[in-house]
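Content type mmCIF, C-alpha atoms, from the file run_9.cif:
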data_target
loop_
_atom_site.group_PDB
_atom_site.id
_atom_site.type_symbol
_atom_site.label_atom_id
_atom_site.label_comp_id
_atom_site.auth_asym_id
_atom_site.auth_seq_id
_atom_site.Cartn_x
_atom_site.Cartn_y
_atom_site.Cartn_z
ATOM 1 C CA MET O 1 -40.125 129.540 5.243
ATOM 2 C CA VAL O 2 -38.774 126.437 7.010
ATOM 3 C CA SER O 3 -35.020 126.110 6.724
ATOM 4 C CA SER O 4 -33.315 122.811 5.942
ATOM 5 C CA GLU O 5 -31.990 122.692 9.502
ATOM 6 C CA GLN O 6 -35.466 123.179 10.982
ATOM 7 C CA ARG O 7 -36.836 120.512 8.669
ATOM 8 C CA ARG O 8 -34.059 118.129 9.695
ATOM 9 C CA ARG O 9 -34.846 118.700 13.378
ATOM 10 C CA GLN O 10 -38.565 118.194 12.764
ATOM 11 C CA LEU O 11 -37.936 114.879 10.997
ATOM 12 C CA ALA O 12 -35.594 113.781 13.768
ATOM 13 C CA ARG O 13 -38.208 114.679 16.392
ATOM 14 C CA GLU O 14 -40.916 112.761 14.525
ATOM 15 C CA LYS O 15 -38.619 109.759 14.195
ATOM 16 C CA PHE O 16 -37.876 109.885 17.929
ATOM 17 C CA GLU O 17 -41.590 110.075 18.738
ATOM 18 C CA ARG O 18 -42.295 107.051 16.531
ATOM 19 C CA GLN O 19 -39.519 105.119 18.269
ATOM 20 C CA GLN O 20 -40.934 106.029 21.655
ATOM 21 C CA GLN O 21 -44.390 104.895 20.585
ATOM 22 C CA ARG O 22 -43.009 101.566 19.347
ATOM 23 C CA ARG O 23 -41.056 101.078 22.567
ATOM 24 C CA GLU O 24 -44.065 101.877 24.702
ATOM 25 C CA GLU O 25 -46.184 99.412 22.720
ATOM 26 C CA ALA O 26 -43.474 96.758 23.153
ATOM 27 C CA ARG O 27 -43.410 97.438 26.899
ATOM 28 C CA ARG O 28 -47.188 97.091 27.099
ATOM 29 C CA LYS O 29 -47.069 93.759 25.263
ATOM 30 C CA ALA O 30 -44.252 92.553 27.509
ATOM 31 C CA ARG O 31 -46.198 93.528 30.629
ATOM 32 C CA ARG O 32 -49.259 91.642 29.409
ATOM 33 C CA ARG O 33 -47.155 88.581 28.547
ATOM 34 C CA ASN O 34 -45.290 88.676 31.853
ATOM 35 C CA THR O 35 -48.544 88.979 33.787
ATOM 36 C CA VAL O 36 -49.806 85.757 32.214
ATOM 37 C CA ILE O 37 -46.479 83.991 32.770
ATOM 38 C CA ALA O 38 -46.221 85.161 36.375
ATOM 39 C CA ALA O 39 -49.756 84.054 37.106
ATOM 40 C CA ALA O 40 -49.141 80.665 35.532
ATOM 41 C CA LEU O 41 -45.933 80.236 37.514
ATOM 42 C CA ALA O 42 -47.829 81.137 40.662
ATOM 43 C CA VAL O 43 -50.158 78.211 40.015
ATOM 44 C CA VAL O 44 -47.112 75.989 39.587
ATOM 45 C CA VAL O 45 -45.388 77.223 42.753
ATOM 46 C CA ALA O 46 -48.472 76.739 44.869
ATOM 47 C CA ALA O 47 -48.897 73.216 43.596
ATOM 48 C CA GLY O 48 -45.180 72.496 43.841
ATOM 49 C CA GLY O 49 -45.129 73.090 47.562
ATOM 50 C CA ALA O 50 -47.861 70.535 47.952
ATOM 51 C CA ALA O 51 -45.942 67.747 46.278
ATOM 52 C CA TYR O 52 -42.760 68.256 48.269
ATOM 53 C CA ALA O 53 -44.481 68.964 51.575
ATOM 54 C CA THR O 54 -46.364 65.682 51.527
ATOM 55 C CA GLY O 55 -43.546 63.465 50.297
ATOM 56 C CA ALA O 56 -44.816 63.046 46.759
ATOM 57 C CA PHE O 57 -41.296 62.407 45.465
ATOM 58 C CA SER O 58 -39.656 60.644 48.385
ATOM 59 C CA GLY O 59 -42.700 58.900 49.871
ATOM 60 C CA ASP O 60 -44.420 59.544 53.185
ATOM 61 C CA SER O 61 -42.521 58.545 56.295
ATOM 62 C CA ASP O 62 -45.627 58.377 58.469
ATOM 63 C CA LYS O 63 -47.750 55.902 56.554
ATOM 64 C CA LYS O 64 -51.355 55.125 57.462
ATOM 65 C CA SER O 65 -53.731 52.436 56.334
ATOM 66 C CA ASP O 66 -55.632 53.230 53.153
ATOM 67 C CA THR O 67 -58.788 52.121 54.958
ATOM 68 C CA ALA O 68 -58.387 54.646 57.775
ATOM 69 C CA SER O 69 -61.212 57.162 57.970
ATOM 70 C CA PRO O 70 -59.737 60.674 58.228
ATOM 71 C CA SER O 71 -61.529 63.214 60.363
ATOM 72 C CA ASP O 72 -63.312 66.156 58.776
ATOM 73 C CA SER O 73 -60.470 68.523 59.600
ATOM 74 C CA PRO O 74 -58.259 70.467 57.173
ATOM 75 C CA SER O 75 -55.223 68.479 58.313
ATOM 76 C CA ALA O 76 -56.673 65.073 57.458
ATOM 77 C CA GLN O 77 -54.445 63.504 54.792
ATOM 78 C CA PRO O 78 -54.726 59.849 53.812
ATOM 79 C CA SER O 79 -51.183 58.809 52.997
ATOM 80 C CA ALA O 80 -50.046 56.476 50.249
ATOM 81 C CA SER O 81 -46.755 55.760 48.562
ATOM 82 C CA ALA O 82 -48.522 55.397 45.201
ATOM 83 C CA GLU O 83 -51.786 56.550 43.715
ATOM 84 C CA PRO O 84 -54.910 54.552 44.629
ATOM 85 C CA LYS O 85 -55.665 51.330 42.795
ATOM 86 C CA MET O 86 -57.914 51.939 39.791
ATOM 87 C CA ALA O 87 -61.490 51.385 40.928
ATOM 88 C CA VAL O 88 -63.636 53.520 38.603
ATOM 89 C CA ASP O 89 -65.375 52.369 35.451
ATOM 90 C CA ALA O 90 -63.203 53.721 32.650
ATOM 91 C CA LYS O 91 -66.230 53.938 30.363
ATOM 92 C CA ALA O 92 -68.413 55.898 32.776
ATOM 93 C CA LYS O 93 -68.826 59.486 33.844
ATOM 94 C CA TYR O 94 -68.712 60.624 37.444
ATOM 95 C CA GLY O 95 -70.320 63.671 38.949
ATOM 96 C CA MET O 96 -68.476 65.580 41.675
ATOM 97 C CA SER O 97 -70.394 67.828 44.006
ATOM 98 C CA LEU O 98 -68.684 70.429 46.188
ATOM 99 C CA LYS O 99 -70.988 71.807 48.844
ATOM 100 C CA THR O 100 -69.432 75.123 49.884
ATOM 101 C CA ASN O 101 -70.459 78.034 52.053
ATOM 102 C CA ALA O 102 -70.547 80.106 48.837
ATOM 103 C CA GLY O 103 -72.894 77.752 47.009
ATOM 104 C CA GLU O 104 -72.783 74.302 45.450
ATOM 105 C CA VAL O 105 -70.350 73.600 42.630
ATOM 106 C CA THR O 106 -70.879 70.462 40.556
ATOM 107 C CA PHE O 107 -69.079 69.110 37.524
ATOM 108 C CA VAL O 108 -68.777 65.873 35.567
ATOM 109 C CA MET O 109 -65.566 63.894 35.122
ATOM 110 C CA ASP O 110 -65.254 61.683 32.034
ATOM 111 C CA ALA O 111 -63.298 58.618 33.154
ATOM 112 C CA ALA O 112 -62.639 57.675 29.536
ATOM 113 C CA LYS O 113 -60.558 60.854 29.128
ATOM 114 C CA THR O 114 -59.188 61.252 32.665
ATOM 115 C CA PRO O 115 -59.328 57.863 34.397
ATOM 116 C CA HIS O 116 -56.528 58.508 36.900
ATOM 117 C CA THR O 117 -57.921 61.894 37.869
ATOM 118 C CA ALA O 118 -61.485 60.637 38.253
ATOM 119 C CA ASN O 119 -60.277 57.632 40.239
ATOM 120 C CA SER O 120 -58.168 59.765 42.582
ATOM 121 C CA PHE O 121 -60.922 62.294 43.220
ATOM 122 C CA LYS O 122 -63.431 59.551 43.990
ATOM 123 C CA TYR O 123 -60.952 57.880 46.334
ATOM 124 C CA LEU O 124 -60.262 61.131 48.194
ATOM 125 C CA ALA O 125 -63.896 62.260 48.303
ATOM 126 C CA ASP O 126 -65.003 58.862 49.651
ATOM 127 C CA LYS O 127 -62.506 59.283 52.496
ATOM 128 C CA GLY O 128 -63.712 62.797 53.339
ATOM 129 C CA PHE O 129 -60.370 64.291 52.301
ATOM 130 C CA PHE O 130 -61.868 67.524 50.944
ATOM 131 C CA ASN O 131 -64.423 68.043 53.714
ATOM 132 C CA ASN O 132 -63.998 71.300 55.656
ATOM 133 C CA THR O 133 -61.047 72.466 53.554
ATOM 134 C CA LYS O 134 -60.514 75.997 52.290
ATOM 135 C CA CYS O 135 -60.134 77.228 48.750
ATOM 136 C CA HIS O 136 -56.893 78.993 49.550
ATOM 137 C CA ARG O 137 -56.179 81.077 46.466
ATOM 138 C CA LEU O 138 -57.938 83.463 44.106
ATOM 139 C CA THR O 139 -56.383 85.177 41.106
ATOM 140 C CA THR O 140 -57.975 88.205 39.464
ATOM 141 C CA GLN O 141 -55.141 89.299 37.143
ATOM 142 C CA GLY O 142 -53.536 87.462 34.248
ATOM 143 C CA ILE O 143 -55.482 84.285 34.925
ATOM 144 C CA TYR O 144 -58.837 83.938 36.641
ATOM 145 C CA VAL O 145 -59.084 80.941 38.937
ATOM 146 C CA LEU O 146 -60.115 79.831 42.400
ATOM 147 C CA GLN O 147 -57.724 77.158 43.663
ATOM 148 C CA CYS O 148 -58.847 74.475 46.117
ATOM 149 C CA GLY O 149 -57.987 70.955 47.247
ATOM 150 C CA ASP O 150 -55.279 71.655 49.821
ATOM 151 C CA PRO O 151 -56.170 70.062 53.182
ATOM 152 C CA GLN O 152 -53.895 72.553 54.947
ATOM 153 C CA GLY O 153 -55.441 75.575 53.267
ATOM 154 C CA THR O 154 -51.998 77.051 52.615
ATOM 155 C CA GLY O 155 -51.091 75.833 49.129
ATOM 156 C CA GLN O 156 -48.604 73.385 50.659
ATOM 157 C CA GLY O 157 -50.785 70.304 51.179
ATOM 158 C CA GLY O 158 -51.683 67.241 49.184
ATOM 159 C CA PRO O 159 -52.613 63.554 49.381
ATOM 160 C CA GLY O 160 -49.080 62.124 49.580
ATOM 161 C CA TYR O 161 -49.078 60.716 46.047
ATOM 162 C CA THR O 162 -49.120 62.048 42.500
ATOM 163 C CA ILE O 163 -51.169 61.173 39.431
ATOM 164 C CA PRO O 164 -50.259 61.367 35.733
ATOM 165 C CA ASP O 165 -51.270 64.208 33.449
ATOM 166 C CA GLU O 166 -54.253 63.457 31.215
ATOM 167 C CA ASN O 167 -56.268 65.024 28.398
ATOM 168 C CA LEU O 168 -53.663 67.736 27.777
ATOM 169 C CA THR O 169 -54.790 68.108 24.158
ATOM 170 C CA GLY O 170 -58.431 68.394 25.179
ATOM 171 C CA LEU O 171 -58.439 72.178 24.832
ATOM 172 C CA GLY O 172 -56.743 72.283 21.453
ATOM 173 C CA LYS O 173 -53.265 73.012 20.139
ATOM 174 C CA ALA O 174 -51.130 75.676 21.792
ATOM 175 C CA GLY O 175 -50.801 78.962 19.962
ATOM 176 C CA ALA O 176 -47.644 80.851 19.074
ATOM 177 C CA ASP O 177 -47.407 82.069 22.665
ATOM 178 C CA GLY O 178 -47.376 78.502 23.965
ATOM 179 C CA THR O 179 -50.779 78.737 25.629
ATOM 180 C CA VAL O 180 -54.334 77.530 25.142
ATOM 181 C CA THR O 181 -57.531 79.000 26.476
ATOM 182 C CA TYR O 182 -58.975 77.337 29.555
ATOM 183 C CA PRO O 183 -62.585 78.447 29.128
ATOM 184 C CA ALA O 184 -64.680 79.787 31.976
ATOM 185 C CA GLY O 185 -66.171 76.836 33.832
ATOM 186 C CA THR O 186 -63.168 74.555 33.350
ATOM 187 C CA VAL O 187 -61.944 72.484 36.287
ATOM 188 C CA ALA O 188 -58.244 71.560 36.004
ATOM 189 C CA MET O 189 -55.404 70.099 38.053
ATOM 190 C CA ALA O 190 -52.624 72.174 39.579
ATOM 191 C CA ASN O 191 -49.119 70.684 39.516
ATOM 192 C CA THR O 192 -45.472 71.384 40.354
ATOM 193 C CA GLY O 193 -44.545 72.540 36.874
ATOM 194 C CA GLN O 194 -43.096 69.123 36.101
ATOM 195 C CA PRO O 195 -44.977 66.378 34.225
ATOM 196 C CA HIS O 196 -47.190 63.978 36.165
ATOM 197 C CA THR O 197 -47.058 65.794 39.517
ATOM 198 C CA GLY O 198 -50.735 66.481 40.170
ATOM 199 C CA GLY O 199 -51.994 65.719 43.674
ATOM 200 C CA SER O 200 -55.249 66.954 45.142
ATOM 201 C CA GLN O 201 -55.103 70.680 44.335
ATOM 202 C CA PHE O 202 -57.293 71.861 41.479
ATOM 203 C CA PHE O 203 -58.532 75.152 40.134
ATOM 204 C CA LEU O 204 -61.912 76.449 39.024
ATOM 205 C CA VAL O 205 -61.711 78.816 36.048
ATOM 206 C CA TYR O 206 -64.329 81.573 36.308
ATOM 207 C CA LYS O 207 -63.178 83.599 33.272
ATOM 208 C CA ASP O 208 -61.353 82.526 30.092
ATOM 209 C CA SER O 209 -57.658 82.161 30.989
ATOM 210 C CA LYS O 210 -54.582 81.631 28.829
ATOM 211 C CA LEU O 211 -52.251 78.973 30.231
ATOM 212 C CA PRO O 212 -49.761 76.423 28.908
ATOM 213 C CA PRO O 213 -51.549 73.130 28.122
ATOM 214 C CA THR O 214 -49.850 71.361 31.034
ATOM 215 C CA TYR O 215 -52.751 71.303 33.498
ATOM 216 C CA THR O 216 -55.149 68.359 33.190
ATOM 217 C CA PRO O 217 -58.642 69.665 32.322
ATOM 218 C CA PHE O 218 -61.027 67.136 33.825
ATOM 219 C CA GLY O 219 -64.399 68.791 34.310
ATOM 220 C CA THR O 220 -66.735 71.674 33.540
ATOM 221 C CA MET O 221 -68.758 73.442 36.193
ATOM 222 C CA ASP O 222 -72.503 73.749 35.883
ATOM 223 C CA ALA O 223 -74.008 77.230 35.501
ATOM 224 C CA ALA O 224 -74.854 77.576 39.198
ATOM 225 C CA GLY O 225 -71.353 76.553 40.237
ATOM 226 C CA LEU O 226 -69.721 78.999 37.829
ATOM 227 C CA LYS O 227 -71.954 81.777 39.152
ATOM 228 C CA ALA O 228 -70.933 80.939 42.719
ATOM 229 C CA VAL O 229 -67.238 81.193 41.834
ATOM 230 C CA GLU O 230 -67.807 84.424 39.894
ATOM 231 C CA ASP O 231 -69.480 85.912 42.972
ATOM 232 C CA VAL O 232 -66.449 85.000 45.075
ATOM 233 C CA ALA O 233 -64.159 86.621 42.501
ATOM 234 C CA LYS O 234 -66.206 89.831 42.540
ATOM 235 C CA GLU O 235 -65.351 90.246 46.223
ATOM 236 C CA GLY O 236 -61.670 90.250 45.298
ATOM 237 C CA VAL O 237 -58.519 89.164 47.092
ATOM 238 C CA GLU O 238 -57.569 89.926 50.683
ATOM 239 C CA GLY O 239 -55.468 93.083 50.821
ATOM 240 C CA GLY O 240 -56.606 94.210 47.384
ATOM 241 C CA SER O 241 -53.895 92.383 45.409
ATOM 242 C CA GLY O 242 -54.577 90.278 42.323
ATOM 243 C CA ASP O 243 -53.432 86.974 43.803
ATOM 244 C CA GLY O 244 -53.982 85.578 47.287
ATOM 245 C CA ALA O 245 -56.585 84.320 49.686
ATOM 246 C CA PRO O 246 -60.111 85.226 48.556
ATOM 247 C CA LYS O 247 -61.619 88.076 50.545
ATOM 248 C CA LYS O 248 -64.803 86.020 50.771
ATOM 249 C CA ALA O 249 -63.523 82.884 52.475
ATOM 250 C CA VAL O 250 -64.624 79.697 50.722
ATOM 251 C CA THR O 251 -64.829 76.371 52.542
ATOM 252 C CA ILE O 252 -65.675 73.042 50.942
ATOM 253 C CA GLU O 253 -68.027 71.676 53.576
ATOM 254 C CA LYS O 254 -68.525 68.320 51.858
ATOM 255 C CA ALA O 255 -67.381 66.711 48.622
ATOM 256 C CA ALA O 256 -68.937 63.669 46.991
ATOM 257 C CA VAL O 257 -68.357 61.735 43.778
ATOM 258 C CA THR O 258 -71.048 59.537 42.274
ATOM 259 C CA LYS O 259 -71.314 57.538 39.068
ATOM 260 C CA GLU O 260 -73.608 59.178 36.532
#
So, in terms of structure tokens, how does the structure I just supplied come out?
Amino acid sequence: MVSSEQRRRQLAREKFERQQQRREEARRKARRRNTVIAAALAVVVAAGGAAYATGAFSGDSDKKSDTASPSDSPSAQPSASAEPKMAVDAKAKYGMSLKTNAGEVTFVMDAAKTPHTANSFKYLADKGFFNNTKCHRLTTQGIYVLQCGDPQGTGQGGPGYTIPDENLTGLGKAGADGTVTYPAGTVAMANTGQPHTGGSQFFLVYKDSKLPPTYTPFGTMDAAGLKAVEDVAKEGVEGGSGDGAPKKAVTIEKAAVTKE
């Protein structure tokens, strides 16, 4: 027969086990949440370096003519104290083609929804800004993106100007966790974590990713382009981590923007 003392100890042990289970579940949820937050912050930090490194806030000290033709080298950066003059048709759509060593990635930009972004990308592509640049960052944990658009290939480069955020409600209203889903195939702008600080860096989402709705979504990859990015992701990150340079190096050999 179980004594009252034995019963009391059994109940106490069961209560302790339930508490431990609840704590472990809370820790698991916190780890999942922190993984998403850390990954999102990593996108911000990488983009933030670009804005400061190229004088996005203070202006470039070594200014060049907007008509200068940069060479097809990763260091080529057309400089400007302000974003390019609007030259796209705000009612049109523009197709951007990225010819890479991993396959061609194409997507369409709707100038009606993202006029500043479409205008900037056309301006930069026409000048050869993206040619022979590396996609410098791959994430395989928390969020799932390949980040490109840095002429230095380090996460610290940019065009020397910033553009405003656009279409931030295009993916719906944020949930209770403050995020929205950037679906696989989405092309979106990186930034410094502050409003209206996008430059030239962008990321290609190869798997649904939860992020705050603070990154301008401005295109959707075609099926072949998404497959190419997925294949890069399957190779993983250098060193086996979940965030860093892609093990399969990706170079944008040529970028072009044309009116649809």
What residues come out when you apply the PyMOL selection byres ((chain O and resi 91) around 9) to this file, written as a list in words?
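For this structure, the PyMOL selection byres ((chain O and resi 91) around 9) captures Val88, Asp89, Ala90, Ala92, Lys93, Asp110, Ala111, Ala112 and Pro115 of chain O.
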Minimum-distance residue to O:Cys148, chosen among O:Ser200, O:Asn131, O:Thr162, O:Ser241 (using only C-alpha atoms):
O:Ser200
When you draw a straight line from atom CA of O:Glu83 to atom CA of O:Ala190, how long is it in Å?
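Those two atoms sit 16.2 Å apart.
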Compare O:Pro246, O:Pro151, O:Gly219, O:Pro213 by their minimum atom-to-atom distance to O:Ala118, counting all atoms listed in the file, and give me the closest one.
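Among the listed residues, O:Gly219 lies closest to O:Ala118.
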Go ahead and find all residues with at least one atom no further than 9 Å from (-75.9, 73.4, 37.2) in the file's coordinates, using all atoms listed in the file; report them as a CSV table (one decimal) with C-alpha atoms, in the coordinates of the input.
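As written to disk, point-v1.csv reads:
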chain,number,residue,atom,x,y,z
O,104,GLU,CA,-72.8,74.3,45.4
O,105,VAL,CA,-70.4,73.6,42.6
O,106,THR,CA,-70.9,70.5,40.6
O,107,PHE,CA,-69.1,69.1,37.5
O,221,MET,CA,-68.8,73.4,36.2
O,222,ASP,CA,-72.5,73.7,35.9
O,223,ALA,CA,-74.0,77.2,35.5
O,224,ALA,CA,-74.9,77.6,39.2
O,225,GLY,CA,-71.4,76.6,40.2
O,226,LEU,CA,-69.7,79.0,37.8
Please report the interatomic distance between atom CA of O:His196 and atom CA of O:Ile163 in Å with one decimal.
5.9 Å
Taking the file as shown, what set of residues would the PyMOL selection byres ((chain O and resi 245) around 12) give back, as a count of residues only?
32
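Note that atom CA of O:Ala188 and atom CA of O:Asp208 are 12.8 Å apart.
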Residue members of the PyMOL selection byres ((chain O and resi 210) around 8) in the file shown, as a PyMOL selection string:
chain O and resi 36+143+179-182+208-209+211-212
My structure is short of atoms at stretch 130-153 of chain O; please model N, CA and C atoms there, returning them as a CSV table (one decimal), keeping the file's coordinate frame.
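Output file out_7.csv is given in full below:
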chain,number,residue,atom,x,y,z
O,130,PHE,N,-61.6,66.1,51.3
O,130,PHE,CA,-61.9,67.5,50.9
O,130,PHE,C,-62.8,68.2,51.9
O,131,ASN,N,-63.4,67.5,52.8
O,131,ASN,CA,-64.4,68.0,53.7
O,131,ASN,C,-63.8,69.1,54.7
O,132,ASN,N,-64.4,70.2,54.8
O,132,ASN,CA,-64.0,71.3,55.7
O,132,ASN,C,-62.6,71.8,55.3
O,133,THR,N,-62.3,71.9,54.0
O,133,THR,CA,-61.0,72.5,53.6
O,133,THR,C,-61.3,73.8,52.8
O,134,LYS,N,-60.3,74.7,52.9
O,134,LYS,CA,-60.5,76.0,52.3
O,134,LYS,C,-60.0,76.0,50.8
O,135,CYS,N,-60.7,76.9,50.1
O,135,CYS,CA,-60.1,77.2,48.8
O,135,CYS,C,-59.2,78.4,49.0
O,136,HIS,N,-57.9,78.1,49.0
O,136,HIS,CA,-56.9,79.0,49.6
O,136,HIS,C,-56.4,80.1,48.7
O,137,ARG,N,-56.8,80.1,47.4
O,137,ARG,CA,-56.2,81.1,46.5
O,137,ARG,C,-57.1,81.5,45.4
O,138,LEU,N,-57.1,82.8,45.2
O,138,LEU,CA,-57.9,83.5,44.1
O,138,LEU,C,-57.0,84.4,43.3
O,139,THR,N,-57.1,84.3,42.0
O,139,THR,CA,-56.4,85.2,41.1
O,139,THR,C,-57.4,86.0,40.3
O,140,THR,N,-57.1,87.3,40.2
O,140,THR,CA,-58.0,88.2,39.5
O,140,THR,C,-57.2,89.0,38.4
O,141,GLN,N,-56.0,88.6,38.2
O,141,GLN,CA,-55.1,89.3,37.1
O,141,GLN,C,-54.4,88.2,36.4
O,142,GLY,N,-54.3,88.4,35.1
O,142,GLY,CA,-53.5,87.5,34.2
O,142,GLY,C,-54.3,86.2,34.0
O,143,ILE,N,-54.6,85.4,35.0
O,143,ILE,CA,-55.5,84.3,34.9
O,143,ILE,C,-56.6,84.4,36.0
O,144,TYR,N,-57.7,83.7,35.8
O,144,TYR,CA,-58.8,83.9,36.6
O,144,TYR,C,-59.3,82.6,37.2
O,145,VAL,N,-58.8,82.2,38.4
O,145,VAL,CA,-59.1,80.9,38.9
O,145,VAL,C,-59.3,81.0,40.4
O,146,LEU,N,-60.0,80.1,41.0
O,146,LEU,CA,-60.1,79.8,42.4
O,146,LEU,C,-59.5,78.5,42.6
O,147,GLN,N,-58.5,78.4,43.5
O,147,GLN,CA,-57.7,77.2,43.7
O,147,GLN,C,-58.1,76.5,45.0
O,148,CYS,N,-58.4,75.2,45.0
O,148,CYS,CA,-58.8,74.5,46.1
O,148,CYS,C,-58.1,73.1,46.2
O,149,GLY,N,-58.5,72.3,47.2
O,149,GLY,CA,-58.0,71.0,47.2
O,149,GLY,C,-56.8,70.7,48.2
O,150,ASP,N,-56.4,71.8,48.9
O,150,ASP,CA,-55.3,71.7,49.8
O,150,ASP,C,-55.8,71.5,51.2
O,151,PRO,N,-55.6,70.3,51.9
O,151,PRO,CA,-56.2,70.1,53.2
O,151,PRO,C,-55.6,71.0,54.3
O,152,GLN,N,-54.5,71.6,54.0
O,152,GLN,CA,-53.9,72.6,54.9
O,152,GLN,C,-54.4,74.0,54.7
O,153,GLY,N,-54.9,74.2,53.6
O,153,GLY,CA,-55.4,75.6,53.3
O,153,GLY,C,-54.3,76.6,53.1
